[in-house]
Amino acid sequence: MTRCPLLAGFVLALAWTAGCGAGDGPIRIGVAGPFSEPRGVSMRQAAELAAREINARGGIGGRTLELVFADDSGKDAVAVRVAEALVADPSVVAVVGHLTSAATAATIGVYGSGDAPVAVISPSASDPDLTGVSPYFFRVCPTDQSHGPRLAQWARQALRARTAGVIYVNDDYGRGVRRAFAADFSRLGGTVLEEDPTLPATPTVEPYLARMQQRGGLDVLLLATEVGLAERALGEMARLGLAWPVIGGDALVGIERSGALAEGIRVSAAYLPDGGGARNEAFVDAYGRAFRGQRPDHRGAGAYDIVGLLALALRDAGPDRRAVRDYLAGVGTEHPPFEGVTGSIAFDERGDVAARTAVIGVVRSGRLVIEAAP
Amino acid sequence: MTGFNTIRWRVIGGLGVLLAGLATAALIGVGILGEMRGAVVQELDALRLSTEIGSGLVTTAFDEIRAAEQYLSTPGSGIRLQFQAAADAAFQYHRRLEQLGALTVEDRMAVSRIKQLQAIIQVDYALAHALRDLGRDAEAFAQSRAARAPATELISLVRAVSGRQAERAGQASQRLAALAARRELLLFVLLGFMVTIGTVLALATLRGVHGPLARLVTAAERFGAGDLRPVTTGRMPAEFAILADAMRGMADRLRAIVGEVVGEADRIAGSASDLSTVSAELAASSGQISTAMVDVSKGAEDQRGAVTEMGGGLDQLSKETAEMSAAAEQVAQLGAEIRTVADRHRADIAAAGGVLLNVREVVQTTSAQIIQLAQQGAAIDDFVDLIKRISSQTNLLALNAAIEAARAGEHGRGFAVVAEEVRQLADESARAAEEVARTTGLIREQVEEVTATMAAGQAKVRGIEGVAEGAARGLAEIVAAVEQVEQAAARVTQAAQLNRGTTNRLKERVREVAARSVSHASSAGQVTTAAGQQGAATQEMAAATTGMLQAAEKLRELVKGFRV
């Protein structure tokens with residue numbers, strides 16, 4: 001109870017959040033991500049949708065499922081504080097989060113340590129280095145080991161690129177995609193000319209682009225960054241008159257809403273709303289109905305599946321942190337795989353889902369559509 | 001329950017409890033050591049890891065900055081790779097730092113900031129390198145200078161984190177010390193508890209052994225002092241209970257034995273007392289016998305004197321009575337036989353006198369023989385009558401001889417003198433016989449008195465009967481001899497009748513009588529001696545009886561020391 005003021009400072013509680021009560025009241029799970037940023041919107045809305053649907057079906061064993069949203073602003077420091085607050089709240093039996101690999105890496109130790117560790121499931125933290133770092137960490141997205149090789153393969157085979165340049169955001173995600181891509185692109189016979197780091201605070205990447213141009217240009221440019229950085233880089237490319245094909249990881253999902261600059265950009269994603277499947281279509285429809293015709297991204301789809309999976313775990317194992325964690329560890333082995341909108345979810349012993357061939361989407365007329373089916 | 005009330009079980013139980021306690025203490029000690037070791041290893045691992053990561057971070061940051069600066073002055077792909085490798089290594093350290101479990105929120109913030117700064121520095125230098133590659137050196141150096149501030153901040157942050165880790169290591173060691181102190185206290189409490197239990201057990205065992213032992217010693221000392229009354233030893237361990245039972249059994253047995261001894265002593269003392277009385281009476285009777293026999297002896301002596309006197313008168317007739325002489329020799333032989341027999345009987349009497357129990361028989365025999373003697377007195381009377389008859393016959397013979405001598409006239413005058421002498425001798429002989437008869441009557445009176453006395457003492461002094469019987473046997477032989485004398489006398493009478501006047505034979509006969517009288521005196525002396533021996537034996541018996549009495553008294557004194 002004494003944690004309530006502290007928690008309130010970091011937690012955005014939704015309308016049906018009724019305080020810190022536990023026991024026979026609602027079962028609460030935390031949802032942590034950069035909800036104040038565009039990339040977090042889909043995750044929040046999809047989670048919300050999932051909870052709404054579950055409660056509409058009668059909740060979990062008669063008890064309401066309540067989501068505790070916590071905004072980490074995409075910053076590691078904030079994420080750590082948010083995680084501390086969630087772990088300290090005994091009514092929170094599991095956490096959905098975080099969205100980014102960096103925030104996840106910074107908080108895994110928080111969730112997985114202490115007297116009462118709590119399971120945390122990320123919808124989109126794809127950094128390969130996160131594999132197996134904590135028995136309390138799970139994720140429903142494939143790692144960048146899926147994205148990097150898929151992009152390299154596509155660049156070499158579809159674009160027939162011989163030379164490539166990489167501009168990556170200098171965090172866990174960017175470094176993960178860069179490393180995976182560079183390794184596979186070289187292995188497939190291509191040459192990675194440059195691997196240049198950047199940060200959201202970096203004013204310009206023009207020196208990198210100018211040096212690439214000076215060195216004879218590229219067959220393909222990988223932007224392993226978030227949407228904001230990518231927009232900046234695309235703007236500078238346009239100013240320099242560079243028209244290299246641009247590809248990106250799943251962090252670029254959402255760039256389709258950036259206008260003409262984004263046209264033609266290819267993105268590797270584990271999930272796209274038009275990927276088909278009855279469950280997915282139903283989800284996309286419901287999502288559109290609930291949120292003014294918007295389309296969910298892979299983060300939303302992942303969050304939607306995680307909430308559904310947690311509801312199942314809570315129903316079967318009870319609202320207990322340890323029991324939930326143990327249930328999750330058995331999904332795909334002791335318990336049947338969870339059939340979600342992103343596909344079949346089964347965790348291996350290190351908390352990862354089976355590698356999944358990512359799809360390559362392309363921005364066409366402001367929409368991200370599948371260009372090459374897996 | 002009582003099965004365990006033994007010293008053995010007390011010792012086994014006590015040692016068992018102590019060993020169990022010590023084993024528990026040892027187990028707890030081992031557990032504590034294991035726990036402490038685990039805690040120390042954990043803390044040391046955490047410390048080592050954080051130290052390694054901290055120093056690694058600082059080192060890689062320096063390497064990165066050095067390589068970056070070097071590239072700015074002399075660009076080259078080798079330096080560029082070094083820069084990239086240092087940056088990658090730094091991020092690996094970040095990753096490890098993030099995964100440390102023991103980080104506080106502040107630490108995680110700091111780590112997050114360090115990572116951010118690391119990224120900023122790398123981006124700044126990467127941009128500077130790009131600018132340098134493009135030949136825009138001024139921009140490049142400006143860009144590189146921008147990395148200085150984050151670099152400084154990074155170093156100080158890393159140091160701060162390391163410092164906090166070191167601080168936590170100090171806290172951990174304090175925690176460990178406190179844990180050790182608590183465990184130590186627990187061990188001491190446990191050991192103290194064990195020592196207390198051990199002491200209590202030892203004291204209980206000592207009391208369980210010492211108290212009963214002291215009670216047993218007291219009981220044994222009482223027994224030693226002669227107090228055999230039953231002893232209560234109270235409750236005690238089984239071993240001592242067995243010992244106490246054995247002592248009680250021993251006391252019971254001793255009590256019974258002492259009781260019997262006391263009874264026996266009393267009975268012996270009573271018997272000795274009775275015996276003493278009997279002895280005294282026996283002694284008195286012996287004295288009386290002696291006295292009586294002395295009288296008998298004296299009478300016999302008198303008789304012998306008278307016979308001798310008569311013998312002297314007959315002496316002159318000896319030459320003419322050769323047959324009488326032969327008969328007298330036969331009588332002398334008989335006398336020798338009588339002496340031999342008497343000697344043998346004296347030995348018998350002596351032997352009989354040595355044995356107390358034979359005394360009674362002797363006395364009885366003596367008594368009977370004395371009675372017989374009294375009866376034989378009649379025989380003496382007869383003998384005396386015979387003598388008288390011989391005397392009167394001799395007187396008649398002398399008278400006839402005188403008549404014959406008177407007829408012969410002058411020629412027979414000498415023979416008449418001889419005949420007168422013979423007649424006078426016959427008168428003297430008759431007077432001597434009268435004397436003997438009187439003496440014999442006296443003897444008979446004495447014998448009757450002795451018989452009465454002996455009969456009176458016989459009831460109590462049966463022991464003397466043996467001696468009396470021995471004496472009586474001797475006397476019987478005497479009587480037999482007297483019979484022989486009588487027969488010899490008869491033959492003398494026949495010879496005298498046949499030879500009419502052969503006085504030699506008479507004279508020999510008279511000598512025989514004298515010898516018989518001597519024999520009588522001797523026999524009486526034997527009886528007297530036997531009686532005297534009997535008296536001595538009786539005195540010895542009395543002395544022995546007194547000794548016995550004293551022994552019985554002493555026994556009673558000894559037994560009196562026991563309290564039963």
# chains A, B, ... in the order shown; residues from 1 in each chain; ligands from 1
call {"tool": "residues_around", "arguments": {"residues": "Met237 (chain A)", "least_positions_apart": "5", "cutoff": "9 Å", "atoms": "only C-alpha atoms", "output": "compact mmCIF listing (two decimals) with C-alpha atoms, in the first residue's frame"}}
result
# COMPACT_ATOMS: atom_id res chain seq x y z
CA GLU A 206 25.47 13.25 -43.28
CA LEU A 209 26.38 9.21 -46.16
CA ARG A 232 16.32 11.98 -40.63
CA LEU A 242 21.29 9.53 -53.01
CA ALA A 243 18.76 6.92 -54.11
CA TRP A 244 20.15 3.68 -52.76
call {"tool": "residues_around", "arguments": {"residues": "region 273-284 of chain A", "least_positions_apart": "3", "cutoff": "9 Å", "atoms": "only C-alpha atoms", "output": "ChimeraX atom specification"}}
result
/A:46,287-289,294-298,301,304,339-343,359,368-370,373
call {"tool": "select_by_dssp", "arguments": {"residues": "region 210-267 of chain A", "states": "strand (DSSP E)", "output": "NGL selection string"}}
result
:A and (220-224 or 246-248 or 266-267)
call {"tool": "select_by_dssp", "arguments": {"residues": "region 169-344 of chain A", "states": "helix (DSSP H, G or I)", "output": "ChimeraX atom specification"}}
result
/A:172-187,206-214,227-240,250-252,255-262,273-275,278-290,298-317,321-329
call {"tool": "interface_residues", "arguments": {"of": "chain A", "to": "chain B", "cutoff": "7 Å", "atoms": "only C-alpha atoms", "output": "PyMOL selection string"}}
result
chain A and resi 76-77+80+106+109+113+170+196-198+207-208+211
call {"tool": "residues_around", "arguments": {"residues": "Val17 (chain B)", "least_positions_apart": "6", "cutoff": "12 Å", "atoms": "only C-alpha atoms", "output": "list in words"}}
result
Trp9, Arg10, Val11, Ala23, Thr24, Phe193, Met194, Val195, Thr196, Ile197, Gly198, Thr199, Val200, Leu201 and Ala202 of chain B
call {"tool": "write_last_selection", "arguments": {"atoms": "N, CA and C atoms", "output": "compact mmCIF listing (two decimals), in the first residue's frame"}}
result
# COMPACT_ATOMS: atom_id res chain seq x y z
N TRP B 9 22.99 -48.22 32.60
CA TRP B 9 22.11 -47.45 31.72
C TRP B 9 22.26 -45.96 31.92
N ARG B 10 22.55 -45.59 33.18
CA ARG B 10 22.77 -44.16 33.40
C ARG B 10 23.97 -43.68 32.62
N VAL B 11 25.06 -44.49 32.69
CA VAL B 11 26.28 -44.09 31.98
C VAL B 11 26.02 -44.11 30.48
N ALA B 23 27.27 -34.45 18.42
CA ALA B 23 27.08 -34.68 16.98
C ALA B 23 26.22 -33.57 16.39
N THR B 24 25.15 -33.19 17.11
CA THR B 24 24.30 -32.09 16.64
C THR B 24 25.12 -30.82 16.49
N PHE B 193 24.60 -25.58 26.59
CA PHE B 193 23.50 -26.50 26.90
C PHE B 193 24.03 -27.90 27.11
N MET B 194 24.94 -28.32 26.22
CA MET B 194 25.49 -29.67 26.32
C MET B 194 26.31 -29.82 27.60
N VAL B 195 27.08 -28.78 27.91
CA VAL B 195 27.89 -28.84 29.13
C VAL B 195 26.97 -28.96 30.35
N THR B 196 25.89 -28.17 30.33
CA THR B 196 24.94 -28.25 31.45
C THR B 196 24.36 -29.64 31.56
N ILE B 197 23.92 -30.17 30.44
CA ILE B 197 23.33 -31.52 30.46
C ILE B 197 24.36 -32.52 30.96
N GLY B 198 25.61 -32.37 30.44
CA GLY B 198 26.67 -33.28 30.87
C GLY B 198 26.89 -33.20 32.37
N THR B 199 26.94 -31.96 32.90
CA THR B 199 27.16 -31.78 34.33
C THR B 199 26.03 -32.42 35.12
N VAL B 200 24.80 -32.11 34.70
CA VAL B 200 23.65 -32.66 35.43
C VAL B 200 23.69 -34.18 35.42
N LEU B 201 23.99 -34.73 34.23
CA LEU B 201 24.06 -36.20 34.13
C LEU B 201 25.16 -36.75 35.02
N ALA B 202 26.35 -36.08 34.98
CA ALA B 202 27.46 -36.57 35.78
C ALA B 202 27.09 -36.54 37.27
call {"tool": "residues_around", "arguments": {"residues": "Pro26 (chain A)", "least_positions_apart": "4", "cutoff": "6 Å", "atoms": "only C-alpha atoms", "output": "short mmCIF file (atom, residue, chain, number, x, y, z; two decimals) with C-alpha atoms, in the first residue's frame"}}
result
data_model
loop_
_atom_site.label_atom_id
_atom_site.label_comp_id
_atom_site.auth_asym_id
_atom_site.auth_seq_id
_atom_site.Cartn_x
_atom_site.Cartn_y
_atom_site.Cartn_z
CA ARG A 63 -12.08 -12.41 -11.76
CA THR A 64 -11.50 -9.39 -13.91
CA LEU A 65 -8.18 -9.03 -15.73
CA GLU A 66 -6.73 -5.63 -15.06
#
call {"tool": "closest_residue", "arguments": {"among": "A:Ser73, A:Asn55, A:Ser258, A:Thr143", "to": "Ala311 (chain A)", "atoms": "only C-alpha atoms"}}
result
A:Asn55
call {"tool": "residues_around", "arguments": {"residues": "region 348-351 of chain A", "least_positions_apart": "6", "cutoff": "8 Å", "atoms": "only C-alpha atoms", "output": "NGL selection string"}}
result
:A and (131-133 or 135 or 137-139 or 329 or 332)
call {"tool": "residues_around", "arguments": {"residues": "Met212 (chain A)", "least_positions_apart": "3", "cutoff": "8 Å", "atoms": "only C-alpha atoms", "output": "VMD selection string"}}
result
chain A and resid 165 193 to 194 208 to 209 215 to 218
call {"tool": "write_last_selection", "arguments": {"atoms": "C-alpha atoms", "output": "PDB file, in the first residue's frame"}}
result
ATOM      1  CA  GLY A 165      26.268   0.082 -45.815  1.00  0.00           C
ATOM      2  CA  LEU A 193      31.472  -1.119 -46.629  1.00  0.00           C
ATOM      3  CA  GLU A 194      30.516   0.714 -43.483  1.00  0.00           C
ATOM      4  CA  TYR A 208      28.466   8.776 -43.068  1.00  0.00           C
ATOM      5  CA  LEU A 209      26.382   9.214 -46.162  1.00  0.00           C
ATOM      6  CA  ARG A 215      33.703   5.594 -51.634  1.00  0.00           C
ATOM      7  CA  GLY A 216      31.591   4.817 -54.696  1.00  0.00           C
ATOM      8  CA  GLY A 217      28.145   4.365 -53.341  1.00  0.00           C
ATOM      9  CA  LEU A 218      26.212   1.317 -52.180  1.00  0.00           C
TER      10      LEU A 218
END
call {"tool": "closest_residue", "arguments": {"among": "A:Ile255, A:Glu231, A:Pro142, A:Leu199", "to": "Tyr271 (chain A)", "atoms": "only C-alpha atoms"}}
result
A:Pro142
call {"tool": "closest_residue", "arguments": {"among": "A:Leu261, A:Ala210, A:Ala83, A:Ile27", "to": "Gly61 (chain A)", "atoms": "only C-alpha atoms"}}
result
A:Ile27
call {"tool": "decode", "arguments": {"residues": "region 227-261 of chain B", "atoms": "C-alpha atoms", "output": "PDB file, in the first residue's frame"}}
result
ATOM      1  CA  ASP B 227      24.754 -55.592  64.555  1.00  0.00           C
ATOM      2  CA  LEU B 228      22.896 -58.068  62.417  1.00  0.00           C
ATOM      3  CA  ARG B 229      19.483 -56.406  62.602  1.00  0.00           C
ATOM      4  CA  PRO B 230      17.797 -55.923  59.195  1.00  0.00           C
ATOM      5  CA  VAL B 231      18.991 -52.911  57.222  1.00  0.00           C
ATOM      6  CA  THR B 232      16.903 -50.589  55.007  1.00  0.00           C
ATOM      7  CA  THR B 233      19.043 -49.355  52.114  1.00  0.00           C
ATOM      8  CA  GLY B 234      16.377 -47.393  50.218  1.00  0.00           C
ATOM      9  CA  ARG B 235      16.026 -46.933  46.459  1.00  0.00           C
ATOM     10  CA  MET B 236      19.216 -47.503  44.491  1.00  0.00           C
ATOM     11  CA  PRO B 237      20.532 -48.604  41.075  1.00  0.00           C
ATOM     12  CA  ALA B 238      20.028 -52.245  40.152  1.00  0.00           C
ATOM     13  CA  GLU B 239      23.693 -53.234  40.672  1.00  0.00           C
ATOM     14  CA  PHE B 240      23.629 -51.873  44.248  1.00  0.00           C
ATOM     15  CA  ALA B 241      20.210 -53.349  44.829  1.00  0.00           C
ATOM     16  CA  ILE B 242      21.674 -56.777  44.036  1.00  0.00           C
ATOM     17  CA  LEU B 243      24.569 -56.115  46.427  1.00  0.00           C
ATOM     18  CA  ALA B 244      22.178 -54.901  49.127  1.00  0.00           C
ATOM     19  CA  ASP B 245      20.027 -58.010  48.683  1.00  0.00           C
ATOM     20  CA  ALA B 246      23.144 -60.185  48.999  1.00  0.00           C
ATOM     21  CA  MET B 247      24.112 -58.341  52.201  1.00  0.00           C
ATOM     22  CA  ARG B 248      20.610 -58.717  53.587  1.00  0.00           C
ATOM     23  CA  GLY B 249      20.719 -62.455  52.788  1.00  0.00           C
ATOM     24  CA  MET B 250      24.104 -62.708  54.478  1.00  0.00           C
ATOM     25  CA  ALA B 251      22.811 -60.907  57.570  1.00  0.00           C
ATOM     26  CA  ASP B 252      19.781 -63.179  57.729  1.00  0.00           C
ATOM     27  CA  ARG B 253      21.997 -66.262  57.539  1.00  0.00           C
ATOM     28  CA  LEU B 254      24.400 -64.876  60.157  1.00  0.00           C
ATOM     29  CA  ARG B 255      21.492 -64.011  62.419  1.00  0.00           C
ATOM     30  CA  ALA B 256      20.151 -67.562  62.159  1.00  0.00           C
ATOM     31  CA  ILE B 257      23.588 -69.085  62.799  1.00  0.00           C
ATOM     32  CA  VAL B 258      24.320 -66.861  65.797  1.00  0.00           C
ATOM     33  CA  GLY B 259      20.882 -67.690  67.217  1.00  0.00           C
ATOM     34  CA  GLU B 260      21.641 -71.387  66.889  1.00  0.00           C
ATOM     35  CA  VAL B 261      25.106 -70.968  68.451  1.00  0.00           C
TER      36      VAL B 261
END
